[in-house]
Each structure stands twice: as C-alpha cells, then as structure tokens.
$ cat structure-v6.cif   # mmCIF, C-alpha atoms
data_start
loop_
_atom_site.label_atom_id
_atom_site.label_comp_id
_atom_site.auth_asym_id
_atom_site.auth_seq_id
_atom_site.Cartn_x
_atom_site.Cartn_y
_atom_site.Cartn_z
CA MET A 1 46.18 44.83 107.82
CA VAL A 2 46.43 48.55 108.12
CA ASP A 3 49.48 48.66 105.92
CA GLU A 4 47.66 46.93 103.08
CA GLU A 5 44.91 49.47 103.27
CA LYS A 6 47.42 52.27 103.28
CA LEU A 7 49.20 50.85 100.27
CA GLN A 8 45.93 50.41 98.42
CA LYS A 9 45.00 54.00 99.14
CA LEU A 10 48.40 55.18 98.00
CA LYS A 11 48.03 53.19 94.80
CA GLU A 12 44.70 54.85 94.10
CA ARG A 13 46.15 58.23 94.81
CA ILE A 14 49.06 57.61 92.46
CA GLN A 15 46.72 56.47 89.73
CA THR A 16 44.47 59.51 90.04
CA ALA A 17 47.51 61.76 90.08
CA LYS A 18 48.85 60.07 86.98
CA ALA A 19 45.50 60.38 85.24
CA THR A 20 45.18 64.09 85.93
CA ASP A 21 48.79 64.85 85.10
CA THR A 22 49.03 66.52 81.73
CA PRO A 23 51.50 64.72 79.51
CA HIS A 24 54.82 66.52 79.89
CA GLN A 25 53.90 70.09 79.20
CA LYS A 26 56.69 72.45 78.37
CA THR A 27 56.25 75.25 80.86
CA LYS A 28 59.71 76.72 80.87
CA LYS A 29 60.28 78.60 77.68
CA ASP A 30 63.40 80.64 77.28
CA SER A 31 62.38 84.22 77.91
CA GLY A 32 63.52 86.89 75.46
CA ALA A 33 65.58 88.76 78.06
CA GLY A 34 67.28 85.59 79.26
CA PHE A 35 68.12 84.62 75.72
CA GLY A 36 69.53 88.05 74.90
CA PHE A 37 71.55 87.95 78.08
CA LYS A 38 73.02 84.58 77.19
CA ILE A 39 74.07 85.83 73.75
CA SER A 40 75.51 89.10 75.04
CA THR A 41 77.67 87.44 77.69
CA GLU A 42 79.15 85.20 75.01
CA ILE A 43 80.13 88.19 72.85
CA ILE A 44 81.40 90.26 75.78
CA ALA A 45 83.46 87.40 77.21
CA ALA A 46 85.21 86.84 73.88
CA LEU A 47 85.82 90.58 73.46
CA VAL A 48 87.29 90.82 76.98
CA VAL A 49 89.73 88.02 76.20
CA GLY A 50 90.59 89.53 72.79
CA VAL A 51 91.26 92.99 74.20
CA GLY A 52 93.21 91.50 77.11
CA ILE A 53 95.50 89.56 74.79
CA GLY A 54 95.87 92.63 72.58
CA LEU A 55 96.94 94.82 75.49
CA ILE A 56 99.42 92.21 76.76
CA VAL A 57 100.91 91.78 73.27
CA ASP A 58 101.26 95.55 72.94
CA LYS A 59 102.90 95.86 76.33
CA TYR A 60 105.55 93.21 75.78
CA LEU A 61 106.18 93.53 72.04
CA GLY A 62 105.81 97.30 71.84
CA THR A 63 103.48 97.20 68.87
CA LYS A 64 101.34 99.84 70.47
CA PRO A 65 98.08 100.15 68.59
CA PHE A 66 98.22 97.17 66.25
CA GLY A 67 98.06 94.31 68.74
CA LEU A 68 94.94 95.79 70.29
CA ILE A 69 93.30 96.42 66.90
CA ILE A 70 94.02 92.94 65.56
CA PHE A 71 93.06 91.06 68.70
CA PHE A 72 89.95 93.18 69.15
CA ILE A 73 88.81 91.99 65.74
CA PHE A 74 89.76 88.41 66.59
CA GLY A 75 87.82 88.75 69.83
CA ALA A 76 84.74 90.02 68.00
CA LEU A 77 84.94 87.12 65.56
CA ALA A 78 85.37 84.66 68.44
CA GLY A 79 82.28 86.22 70.01
CA PHE A 80 80.28 85.50 66.87
CA LEU A 81 81.67 81.97 66.85
CA ASN A 82 80.49 81.52 70.44
CA VAL A 83 77.03 82.79 69.54
CA TYR A 84 76.92 80.44 66.58
CA ARG A 85 77.79 77.52 68.86
CA VAL A 86 75.14 78.49 71.40
CA MET A 87 72.54 78.72 68.66
CA ARG A 88 73.51 75.33 67.29
CA ARG A 89 73.24 73.81 70.75
CA ILE A 90 69.79 75.31 71.24
CA GLU A 91 68.64 74.11 67.84
CA LYS A 92 69.79 70.57 68.65
CA GLN A 93 67.49 70.39 71.63
CA MET B 94 75.79 103.32 106.60
CA ALA B 95 72.33 103.28 108.06
CA ALA B 96 73.61 104.46 111.41
CA LYS B 97 74.69 107.74 109.89
CA GLY B 98 71.16 108.33 108.66
CA GLU B 99 72.10 107.97 105.01
CA LYS B 100 69.73 106.53 102.46
CA HIS B 101 69.84 102.81 101.88
CA SER B 102 71.44 101.86 98.63
CA PRO B 103 70.16 98.77 96.79
CA LEU B 104 73.80 97.77 96.42
CA GLU B 105 74.48 97.85 100.14
CA GLN B 106 73.60 94.18 100.43
CA PHE B 107 76.68 93.21 98.42
CA GLU B 108 79.11 94.87 100.79
CA ILE B 109 81.78 92.61 102.26
CA ILE B 110 81.95 92.99 106.02
CA PRO B 111 85.02 91.44 107.65
CA PHE B 112 84.36 89.90 111.05
CA THR B 113 88.01 89.38 111.87
CA ARG B 114 91.05 91.09 110.50
CA THR B 115 93.66 88.52 109.64
CA GLU B 116 96.51 88.89 107.23
CA ILE B 117 99.03 86.27 106.29
CA GLY B 118 101.98 87.10 104.09
CA GLY B 119 100.37 90.31 102.83
CA TYR B 120 97.17 88.52 101.84
CA ASP B 121 93.92 89.53 103.48
CA ILE B 122 92.25 86.33 104.63
CA SER B 123 89.74 87.89 107.01
CA PHE B 124 86.67 85.90 107.90
CA THR B 125 83.88 87.88 106.21
CA ASN B 126 80.12 87.63 105.81
CA SER B 127 80.87 86.00 102.45
CA SER B 128 82.91 83.27 104.13
CA LEU B 129 80.18 82.80 106.72
CA SER B 130 77.63 82.41 103.93
CA MET B 131 79.76 79.78 102.24
CA ILE B 132 80.19 77.85 105.49
CA ILE B 133 76.43 77.96 106.05
CA THR B 134 75.92 76.67 102.51
CA VAL B 135 78.32 73.77 102.95
CA ALA B 136 76.80 72.97 106.34
CA VAL B 137 73.27 72.99 104.91
CA ILE B 138 74.28 70.72 102.02
CA THR B 139 76.15 68.27 104.26
CA LEU B 140 73.46 68.13 106.93
CA PHE B 141 70.59 67.89 104.48
CA LEU B 142 72.13 65.15 102.36
CA THR B 143 73.41 63.05 105.25
CA LEU B 144 70.32 63.36 107.43
CA THR B 145 67.77 62.73 104.69
CA VAL B 146 69.57 59.75 103.19
CA ASN B 147 70.46 58.31 106.59
CA PRO B 148 67.39 56.02 107.03
CA ARG B 149 68.20 54.40 103.65
CA SER B 150 64.60 53.26 103.33
CA LEU B 151 63.58 51.50 100.15
CA VAL B 152 60.39 53.53 100.03
CA PRO B 153 61.83 56.99 100.50
CA THR B 154 60.35 59.67 102.68
CA ARG B 155 59.67 63.03 101.08
CA MET B 156 62.98 64.46 102.27
CA GLN B 157 64.94 61.45 101.10
CA LEU B 158 63.18 61.78 97.78
CA ILE B 159 64.47 65.33 97.39
CA SER B 160 68.06 64.15 97.90
CA GLU B 161 67.56 61.30 95.47
CA LEU B 162 66.03 63.66 92.91
CA MET B 163 69.07 65.93 93.11
CA TYR B 164 71.39 62.96 92.75
CA ASN B 165 69.44 61.62 89.79
CA PHE B 166 69.25 65.02 88.19
CA VAL B 167 73.02 65.46 88.05
CA ALA B 168 73.66 61.81 87.22
CA GLN B 169 71.24 62.06 84.30
CA LEU B 170 72.80 65.30 83.15
CA LEU B 171 76.28 63.76 83.10
CA ASN B 172 75.04 60.64 81.40
CA ASP B 173 73.26 62.61 78.67
CA THR B 174 76.14 64.94 77.89
CA VAL B 175 79.31 62.95 78.55
CA GLY B 176 78.13 59.34 78.51
CA ASP B 177 79.90 56.54 80.32
CA ASN B 178 83.10 58.52 80.70
CA GLY B 179 81.21 61.01 82.81
CA LYS B 180 80.63 58.78 85.80
CA LYS B 181 83.90 59.55 87.52
CA TYR B 182 83.24 63.29 87.37
CA PHE B 183 79.95 62.94 89.20
CA PRO B 184 81.32 63.98 92.63
CA PHE B 185 82.87 67.09 91.13
CA VAL B 186 79.83 68.19 89.12
CA PHE B 187 77.46 67.33 91.95
CA SER B 188 79.46 69.35 94.50
CA LEU B 189 79.66 72.27 92.11
CA PHE B 190 75.95 72.13 91.33
CA MET B 191 74.95 71.85 94.99
CA PHE B 192 77.31 74.61 96.08
CA VAL B 193 75.96 77.04 93.50
CA LEU B 194 72.33 75.98 93.96
CA ILE B 195 72.28 76.07 97.75
CA GLY B 196 74.46 79.19 97.72
CA ASN B 197 71.83 80.91 95.58
CA MET B 198 69.04 79.59 97.79
CA VAL B 199 70.76 80.65 101.01
CA GLY B 200 71.12 84.06 99.41
CA MET B 201 67.35 84.21 98.97
CA VAL B 202 66.89 84.16 102.76
CA PRO B 203 66.40 87.75 103.98
CA TYR B 204 69.46 89.36 105.62
CA GLN B 205 71.61 86.60 104.21
CA PHE B 206 74.60 87.43 102.05
CA THR B 207 74.64 86.01 98.50
CA PHE B 208 78.20 84.99 97.73
CA THR B 209 77.39 84.06 94.13
CA SER B 210 76.69 87.75 93.44
CA HIS B 211 80.44 88.41 93.59
CA ILE B 212 82.34 87.89 90.37
CA ILE B 213 85.49 86.78 92.16
CA VAL B 214 83.65 83.82 93.67
CA THR B 215 82.02 82.71 90.42
CA PHE B 216 85.21 83.36 88.49
CA ALA B 217 87.14 81.19 90.92
CA LEU B 218 84.59 78.39 90.44
CA ALA B 219 84.71 78.79 86.66
CA SER B 220 88.53 78.82 86.73
CA ILE B 221 88.56 75.52 88.60
CA VAL B 222 86.38 74.05 85.85
CA PHE B 223 88.42 75.63 83.07
CA ILE B 224 91.84 74.62 84.41
CA GLY B 225 90.61 71.16 85.35
CA VAL B 226 89.11 70.56 81.91
CA THR B 227 92.24 71.80 80.15
CA ILE B 228 94.42 69.46 82.22
CA LEU B 229 91.95 66.66 81.51
CA GLY B 230 92.24 67.36 77.79
CA PHE B 231 96.03 67.12 77.95
CA VAL B 232 95.88 63.95 80.02
CA ASN B 233 93.51 62.31 77.55
CA HIS B 234 95.08 63.44 74.31
CA GLY B 235 98.56 64.66 75.20
CA ILE B 236 99.96 67.13 72.72
CA LYS B 237 97.16 66.25 70.31
CA PHE B 238 94.89 68.35 72.48
CA PHE B 239 96.03 71.34 70.42
CA THR B 240 94.17 69.94 67.42
CA PHE B 241 91.09 71.09 69.31
CA PHE B 242 91.81 74.52 67.85
CA TYR B 243 92.28 73.13 64.36
CA ILE B 244 89.16 72.84 62.29
CA PRO B 245 89.38 70.14 59.65
CA GLY B 246 88.04 70.69 56.16
CA VAL B 247 88.99 74.35 55.89
CA PRO B 248 91.34 75.77 53.23
CA PHE B 249 94.89 75.98 54.63
CA TYR B 250 95.20 79.75 54.18
CA MET B 251 92.28 80.25 56.58
CA HIS B 252 94.07 78.65 59.52
CA PRO B 253 96.14 81.68 60.61
CA LEU B 254 92.83 83.45 60.98
CA LEU B 255 90.80 80.65 62.52
CA ILE B 256 93.24 79.34 65.11
CA PRO B 257 93.48 82.61 67.10
CA ILE B 258 89.70 82.87 66.97
CA GLU B 259 89.32 79.36 68.31
CA VAL B 260 91.87 80.01 71.05
CA ILE B 261 90.10 83.21 72.12
CA SER B 262 86.78 81.41 72.04
CA TYR B 263 88.24 78.73 74.29
CA LEU B 264 89.75 81.27 76.70
CA SER B 265 86.45 83.14 76.93
CA ARG B 266 84.73 80.13 78.47
CA PRO B 267 85.48 80.81 82.14
CA ILE B 268 84.52 84.46 81.68
CA SER B 269 81.14 83.79 80.10
CA LEU B 270 80.51 81.03 82.64
CA SER B 271 81.23 83.24 85.63
CA VAL B 272 79.67 86.44 84.29
CA ARG B 273 76.39 84.69 83.57
CA LEU B 274 75.95 83.43 87.13
CA PHE B 275 77.24 86.56 88.83
CA ALA B 276 75.24 89.03 86.72
CA ASN B 277 72.00 87.11 87.12
CA MET B 278 72.32 87.02 90.89
CA LEU B 279 73.48 90.63 91.12
CA ALA B 280 70.69 91.93 88.89
CA GLY B 281 68.00 89.90 90.61
CA HIS B 282 68.92 90.93 94.13
CA THR B 283 69.34 94.57 93.17
CA LEU B 284 65.93 94.54 91.50
CA LEU B 285 64.35 93.11 94.64
CA LYS B 286 65.91 95.83 96.78
CA VAL B 287 64.86 98.60 94.38
CA PHE B 288 61.25 97.43 94.46
CA ALA B 289 61.43 97.05 98.23
CA GLY B 290 62.45 100.71 98.32
CA PHE B 291 59.31 101.62 96.35
CA VAL B 292 57.13 100.00 99.01
CA VAL B 293 58.39 102.47 101.58
CA ALA B 294 58.59 105.46 99.28
CA MET B 295 55.14 105.33 97.67
CA PRO B 296 52.35 107.29 99.36
CA PHE B 297 49.32 105.84 101.19
CA PHE B 298 48.46 102.28 100.28
CA THR B 299 49.89 102.30 96.75
CA GLY B 300 52.96 100.72 98.33
CA ALA B 301 51.07 97.44 98.30
CA LEU B 302 51.46 97.32 94.53
CA PRO B 303 55.25 96.90 94.48
CA LEU B 304 54.87 94.57 97.45
CA VAL B 305 52.78 92.21 95.33
CA PHE B 306 55.38 92.54 92.62
CA ILE B 307 58.13 91.59 95.04
CA VAL B 308 56.33 88.38 95.90
CA ALA B 309 56.21 87.48 92.21
CA LEU B 310 59.83 88.53 91.74
CA THR B 311 60.94 86.37 94.65
CA GLY B 312 59.39 83.38 92.94
CA LEU B 313 61.18 84.31 89.74
CA GLU B 314 64.44 84.71 91.63
CA ILE B 315 64.16 81.21 93.05
CA LEU B 316 63.60 79.92 89.52
CA ILE B 317 66.66 81.82 88.30
CA ALA B 318 68.70 80.56 91.25
CA PHE B 319 67.94 77.02 90.19
CA LEU B 320 68.33 77.71 86.47
CA GLN B 321 71.76 79.29 86.88
CA ALA B 322 73.00 76.38 88.97
CA TYR B 323 71.70 74.09 86.24
CA VAL B 324 73.40 76.10 83.49
CA PHE B 325 76.66 76.04 85.45
CA ALA B 326 76.45 72.27 85.82
CA ILE B 327 75.46 71.55 82.22
CA LEU B 328 78.23 73.74 80.81
CA THR B 329 80.74 71.98 83.04
CA CYS B 330 79.47 68.68 81.62
CA LEU B 331 79.79 69.98 78.05
CA TYR B 332 83.35 71.13 78.69
CA ILE B 333 84.25 67.75 80.18
CA ASN B 334 82.75 66.18 77.07
CA ASP B 335 84.90 68.43 74.88
CA ALA B 336 87.98 67.24 76.75
CA TYR B 337 87.14 63.69 75.65
CA HIS B 338 85.89 64.29 72.14
CA LEU B 339 87.93 66.99 70.52
CA HIS B 340 85.50 67.45 67.64
#
$ encode --input "structure-v6.cif" --output "structure tokens"
Amino acid sequence: MVDEEKLQKLKERIQTAKATDTPHQKTKKDSGAGFGFKISTEIIAALVVGVGIGLIVDKYLGTKPFGLIIFFIFGALAGFLNVYRVMRRIEKQ
Amino acid sequence: MAAKGEKHSPLEQFEIIPFTRTEIGGYDISFTNSSLSMIITVAVITLFLTLTVNPRSLVPTRMQLISELMYNFVAQLLNDTVGDNGKKYFPFVFSLFMFVLIGNMVGMVPYQFTFTSHIIVTFALASIVFIGVTILGFVNHGIKFFTFFYIPGVPFYMHPLLIPIEVISYLSRPISLSVRLFANMLAGHTLLKVFAGFVVAMPFFTGALPLVFIVALTGLEILIAFLQAYVFAILTCLYINDAYHLH
C-alpha cells in the first residue's frame, strides 16, 4: 500500500525531527526596552487615573489645589503598587 | 498631502480617511479606512477559521493545524490562569485575541491601515474587558466585591491610605492595557516609516543599509504584533481570575 509507505516515511521524519529538536530552549527573553516599557505604562496609567480623580474632585468640591495634590500622591503610590504586582507575577514564572 | 508636493511624514499612515460622510444624531459614524481595516480583519478571521476547519479531518492539514494551534493556545492560557471556571469565557477571550492578533497582522501588510495603533480602539477593547470583569465580580460576589480593595492583615489605621491606592490601581487597568498595545503598534510602525525614509534620503548605495534594517525590523514587528495580542489575552484572563478569587 502506498499509504503505509507514506505513513512509515512520515513516522521516520517525525522521529528525526524529534531527535534533532533541542529540548525546549528559551529563545524569547524579555528585552530591556520591553521590560522598561511595561513598567512605565503601569506607573503612567496609575498617575493618569490619580490626576483625573484629583481634577474631578477639585472641580466639584471646590478644593482647588488639595484634591490634585493628594490624589497625585495616591496615583504615584498606586503606580508603585502596580509595578510591585508586575514584578511578583514575573518572579512567579 | 503628497499631492501638494509636501514631504511625507512618518505619521501620515495613522491618518483617518473617511470614505463616506454620515452623521446620526450629531455623532460622526462615517465609514473610514479604520472601519474597512476592521471589516477586513473580521473577514480574514472568519474565512480562515471556517475554511481551514471545514474538512474536520482527524489528521489535520497544515492550515487546519494552525487553527487548532490558535484554539489550543487560548484554551491552554485560560485553563492555566483561570482554571475550570474559565471555560465559559473562551469565546470572549478567543475573539479578543484573534481580533487584536489579526488586526496587528493585517496592519503589517503594506498600504494597510493598522487600527490597533489608535488609542480609542484599544481603549474601547480594554473598557469592554474592564466593565465586563467588574460586572462579573459583582455577579459572583455581590456587594462583597468591594472587599477586593481591602487588604487583610494590615493595621486598621492604614486602610484610609490603602483603599484609595487599591481603587486607583484597579481603575488604571484599562489604561495600562490599552496604552501598552497602542504605543507598541504606534512606535513600531513609525519606526518602520522613519527607516524607510532613510532608504530614499541616503546617497548612492548606502540606502541599502537601512533597507536591510527594515527587513529585520519587520520581523521584529511581527513578533511584537503577536506578543501584544498575547499580553492582551493573558491580562484579560488574569482579570477574569481576579473576579473569581478576590485575593
């Protein structure tokens, strides 16, 4: 049978491919720029939210500079919290 | 722009060009090159998946194998991050992953618009995830969902400080999710165009140098296109997981 031959050939090919295949090499390492980018977006995103809330609070409660100042600091801290979480997730892997 | 004899800007490729001018109730809903790109993406996904899986052969062809690999990839991802609860979110995560992935890939075709390079598109996608996950959290835990922002084992006087931080951290999720995808695509495509400009601008045959670089960059871009779709999918899975397990 032609099919048998074909299958046999395929089997051989699979075996040779398996033999030459290096055992699960880790090719994709996180590049420095990509890593820095990941961290910076986390901080910026938290700061954007913090400043946004601060401005809204100031607008509706009339606490002109203080809402922005306080929520800016909260935003910065939330940014660090985000970075900490990202780092923990990376370390887990 | 080119018709007026002006110089080509590397940012020109991101311009939205409306094909029709339609407005309903004060909202501009014109059919643009961005919409066209999205329709092409959805068409490519639908055609590819249905046509390749159509034979349903037990020993898959190469094309069927690609579809099955994609399916397995997302299924595995959901299973690893969410567990058994994750199975019912497979259609959602798979659609999202495929839309972003094929959208990025369609954008890699020359003269094709990349809709993922616009923050409003990625932000809309991230908002769907964010709002959906928040609703899911409330459905699963009811009012107890708010304990997500409460960290146990912390002195009580720290809570006024920690709760706003946790809330801001939670609200920053859609922003970081969308900015990451959008900025990567924007930066990559701009970089390609800038180097393409060098090919023309450099004297004699030195233009070949940036040309070689573009080839390498295109490969890198395809990797990033895949990686960003993967990051989008895995973060969606993690957020779904958070909606189930508050801590």
$ closest_atom_pairs --input "structure-v6.cif" --of "chain A" --to "chain B" --cutoff "6 Å" --atoms "all atoms listed in the file" --output "CSV"
residue,atom,partner,partner_atom,distance
A:Thr41,CA,B:Ser269,CA,5.6
A:Glu42,CA,B:Ser269,CA,5.6
A:Ala45,CA,B:Ser269,CA,5.2
A:Ala46,CA,B:Ser265,CA,5.0
A:Val49,CA,B:Ser265,CA,5.9
A:Phe74,CA,B:Ile258,CA,5.6
A:Ala78,CA,B:Ile258,CA,4.9
$ write_last_selection --input "structure-v6.cif" --atoms "C-alpha atoms" --output "CSV table (one decimal), in the coordinates of the input"
chain,number,residue,atom,x,y,z
A,41,THR,CA,77.7,87.4,77.7
A,42,GLU,CA,79.2,85.2,75.0
A,45,ALA,CA,83.5,87.4,77.2
A,46,ALA,CA,85.2,86.8,73.9
A,49,VAL,CA,89.7,88.0,76.2
A,74,PHE,CA,89.8,88.4,66.6
A,78,ALA,CA,85.4,84.7,68.4
$ closest_residue --input "structure-v6.cif" --among "A:Ile43, A:Ala19, A:Val48, A:Ile73" --to "Arg85 (chain A)" --atoms "all atoms listed in the file"
A:Ile43
$ resolve_selection --input "structure-v6.cif" --expression "the PyMOL selection byres ((chain B and resi 118-132) around 12)" --output "number ranges by chain"
B: 106-117, 133-140, 191-202, 204-211, 213-214
$ resolve_selection --input "structure-v6.cif" --expression "the PyMOL selection byres ((chain A and resi 54) around 6)" --output "list in words"
Val51, Gly52, Ile53, Leu55, Ile56, Val57, Gly67, Leu68 and Phe71 of chain A
$ resolve_selection --input "structure-v6.cif" --expression "the PyMOL selection byres ((chain B and resi 303) around 10)" --output "count of residues only"
20
$ build_atoms --input "structure-v6.cif" --residues "region 42-71 of chain A" --atoms "N, CA and C atoms" --output "PDB file, keeping the file's coordinate frame"
ATOM      1  N   GLU A  42      78.216  85.925  75.872  1.00  0.00           N
ATOM      2  CA  GLU A  42      79.150  85.200  75.010  1.00  0.00           C
ATOM      3  C   GLU A  42      80.029  86.187  74.231  1.00  0.00           C
ATOM      4  N   ILE A  43      79.381  87.221  73.642  1.00  0.00           N
ATOM      5  CA  ILE A  43      80.130  88.190  72.850  1.00  0.00           C
ATOM      6  C   ILE A  43      81.090  88.970  73.740  1.00  0.00           C
ATOM      7  N   ILE A  44      80.575  89.429  74.903  1.00  0.00           N
ATOM      8  CA  ILE A  44      81.400  90.260  75.780  1.00  0.00           C
ATOM      9  C   ILE A  44      82.603  89.469  76.306  1.00  0.00           C
ATOM     10  N   ALA A  45      82.364  88.208  76.674  1.00  0.00           N
ATOM     11  CA  ALA A  45      83.460  87.400  77.210  1.00  0.00           C
ATOM     12  C   ALA A  45      84.577  87.268  76.177  1.00  0.00           C
ATOM     13  N   ALA A  46      84.196  87.000  74.927  1.00  0.00           N
ATOM     14  CA  ALA A  46      85.210  86.840  73.880  1.00  0.00           C
ATOM     15  C   ALA A  46      85.933  88.164  73.637  1.00  0.00           C
ATOM     16  N   LEU A  47      85.190  89.273  73.674  1.00  0.00           N
ATOM     17  CA  LEU A  47      85.820  90.580  73.460  1.00  0.00           C
ATOM     18  C   LEU A  47      86.792  90.905  74.595  1.00  0.00           C
ATOM     19  N   VAL A  48      86.410  90.567  75.824  1.00  0.00           N
ATOM     20  CA  VAL A  48      87.290  90.820  76.980  1.00  0.00           C
ATOM     21  C   VAL A  48      88.610  90.078  76.791  1.00  0.00           C
ATOM     22  N   VAL A  49      88.504  88.810  76.400  1.00  0.00           N
ATOM     23  CA  VAL A  49      89.730  88.020  76.200  1.00  0.00           C
ATOM     24  C   VAL A  49      90.551  88.609  75.056  1.00  0.00           C
ATOM     25  N   GLY A  50      89.891  88.970  73.955  1.00  0.00           N
ATOM     26  CA  GLY A  50      90.590  89.530  72.790  1.00  0.00           C
ATOM     27  C   GLY A  50      91.334  90.803  73.154  1.00  0.00           C
ATOM     28  N   VAL A  51      90.635  91.715  73.813  1.00  0.00           N
ATOM     29  CA  VAL A  51      91.260  92.990  74.200  1.00  0.00           C
ATOM     30  C   VAL A  51      92.384  92.747  75.199  1.00  0.00           C
ATOM     31  N   GLY A  52      92.169  91.816  76.124  1.00  0.00           N
ATOM     32  CA  GLY A  52      93.210  91.500  77.110  1.00  0.00           C
ATOM     33  C   GLY A  52      94.474  91.014  76.438  1.00  0.00           C
ATOM     34  N   ILE A  53      94.326  90.070  75.502  1.00  0.00           N
ATOM     35  CA  ILE A  53      95.500  89.560  74.790  1.00  0.00           C
ATOM     36  C   ILE A  53      96.164  90.685  74.005  1.00  0.00           C
ATOM     37  N   GLY A  54      95.337  91.512  73.362  1.00  0.00           N
ATOM     38  CA  GLY A  54      95.870  92.630  72.580  1.00  0.00           C
ATOM     39  C   GLY A  54      96.710  93.560  73.436  1.00  0.00           C
ATOM     40  N   LEU A  55      96.209  93.908  74.604  1.00  0.00           N
ATOM     41  CA  LEU A  55      96.940  94.820  75.490  1.00  0.00           C
ATOM     42  C   LEU A  55      98.245  94.196  75.971  1.00  0.00           C
ATOM     43  N   ILE A  56      98.205  92.888  76.293  1.00  0.00           N
ATOM     44  CA  ILE A  56      99.420  92.210  76.760  1.00  0.00           C
ATOM     45  C   ILE A  56     100.460  92.172  75.647  1.00  0.00           C
ATOM     46  N   VAL A  57      99.989  91.834  74.420  1.00  0.00           N
ATOM     47  CA  VAL A  57     100.910  91.780  73.270  1.00  0.00           C
ATOM     48  C   VAL A  57     101.546  93.143  73.063  1.00  0.00           C
ATOM     49  N   ASP A  58     100.756  94.194  73.132  1.00  0.00           N
ATOM     50  CA  ASP A  58     101.260  95.550  72.940  1.00  0.00           C
ATOM     51  C   ASP A  58     102.297  95.905  73.990  1.00  0.00           C
ATOM     52  N   LYS A  59     102.020  95.488  75.217  1.00  0.00           N
ATOM     53  CA  LYS A  59     102.900  95.860  76.330  1.00  0.00           C
ATOM     54  C   LYS A  59     104.261  95.207  76.191  1.00  0.00           C
ATOM     55  N   TYR A  60     104.274  93.937  75.786  1.00  0.00           N
ATOM     56  CA  TYR A  60     105.550  93.210  75.780  1.00  0.00           C
ATOM     57  C   TYR A  60     106.254  93.243  74.436  1.00  0.00           C
ATOM     58  N   LEU A  61     105.538  93.480  73.358  1.00  0.00           N
ATOM     59  CA  LEU A  61     106.180  93.530  72.040  1.00  0.00           C
ATOM     60  C   LEU A  61     106.308  94.954  71.540  1.00  0.00           C
ATOM     61  N   GLY A  62     105.693  95.905  72.231  1.00  0.00           N
ATOM     62  CA  GLY A  62     105.810  97.300  71.840  1.00  0.00           C
ATOM     63  C   GLY A  62     105.195  97.630  70.501  1.00  0.00           C
ATOM     64  N   THR A  63     104.147  96.933  70.138  1.00  0.00           N
ATOM     65  CA  THR A  63     103.480  97.200  68.870  1.00  0.00           C
ATOM     66  C   THR A  63     102.229  98.020  69.122  1.00  0.00           C
ATOM     67  N   LYS A  64     102.424  99.155  69.788  1.00  0.00           N
ATOM     68  CA  LYS A  64     101.340  99.840  70.470  1.00  0.00           C
ATOM     69  C   LYS A  64      99.918  99.677  69.922  1.00  0.00           C
ATOM     70  N   PRO A  65      99.520 100.288  68.810  1.00  0.00           N
ATOM     71  CA  PRO A  65      98.080 100.150  68.590  1.00  0.00           C
ATOM     72  C   PRO A  65      97.673  98.851  67.904  1.00  0.00           C
ATOM     73  N   PHE A  66      98.623  98.213  67.195  1.00  0.00           N
ATOM     74  CA  PHE A  66      98.220  97.170  66.250  1.00  0.00           C
ATOM     75  C   PHE A  66      97.768  95.877  66.943  1.00  0.00           C
ATOM     76  N   GLY A  67      98.455  95.527  68.020  1.00  0.00           N
ATOM     77  CA  GLY A  67      98.060  94.310  68.740  1.00  0.00           C
ATOM     78  C   GLY A  67      96.627  94.420  69.219  1.00  0.00           C
ATOM     79  N   LEU A  68      96.298  95.582  69.784  1.00  0.00           N
ATOM     80  CA  LEU A  68      94.940  95.790  70.290  1.00  0.00           C
ATOM     81  C   LEU A  68      93.927  95.715  69.157  1.00  0.00           C
ATOM     82  N   ILE A  69      94.247  96.381  68.035  1.00  0.00           N
ATOM     83  CA  ILE A  69      93.300  96.420  66.900  1.00  0.00           C
ATOM     84  C   ILE A  69      93.051  95.002  66.390  1.00  0.00           C
ATOM     85  N   ILE A  70      94.157  94.265  66.154  1.00  0.00           N
ATOM     86  CA  ILE A  70      94.020  92.940  65.560  1.00  0.00           C
ATOM     87  C   ILE A  70      93.277  91.991  66.498  1.00  0.00           C
ATOM     88  N   PHE A  71      93.683  92.022  67.790  1.00  0.00           N
ATOM     89  CA  PHE A  71      93.060  91.060  68.700  1.00  0.00           C
ATOM     90  C   PHE A  71      91.643  91.471  69.082  1.00  0.00           C
TER      91      PHE A  71
END
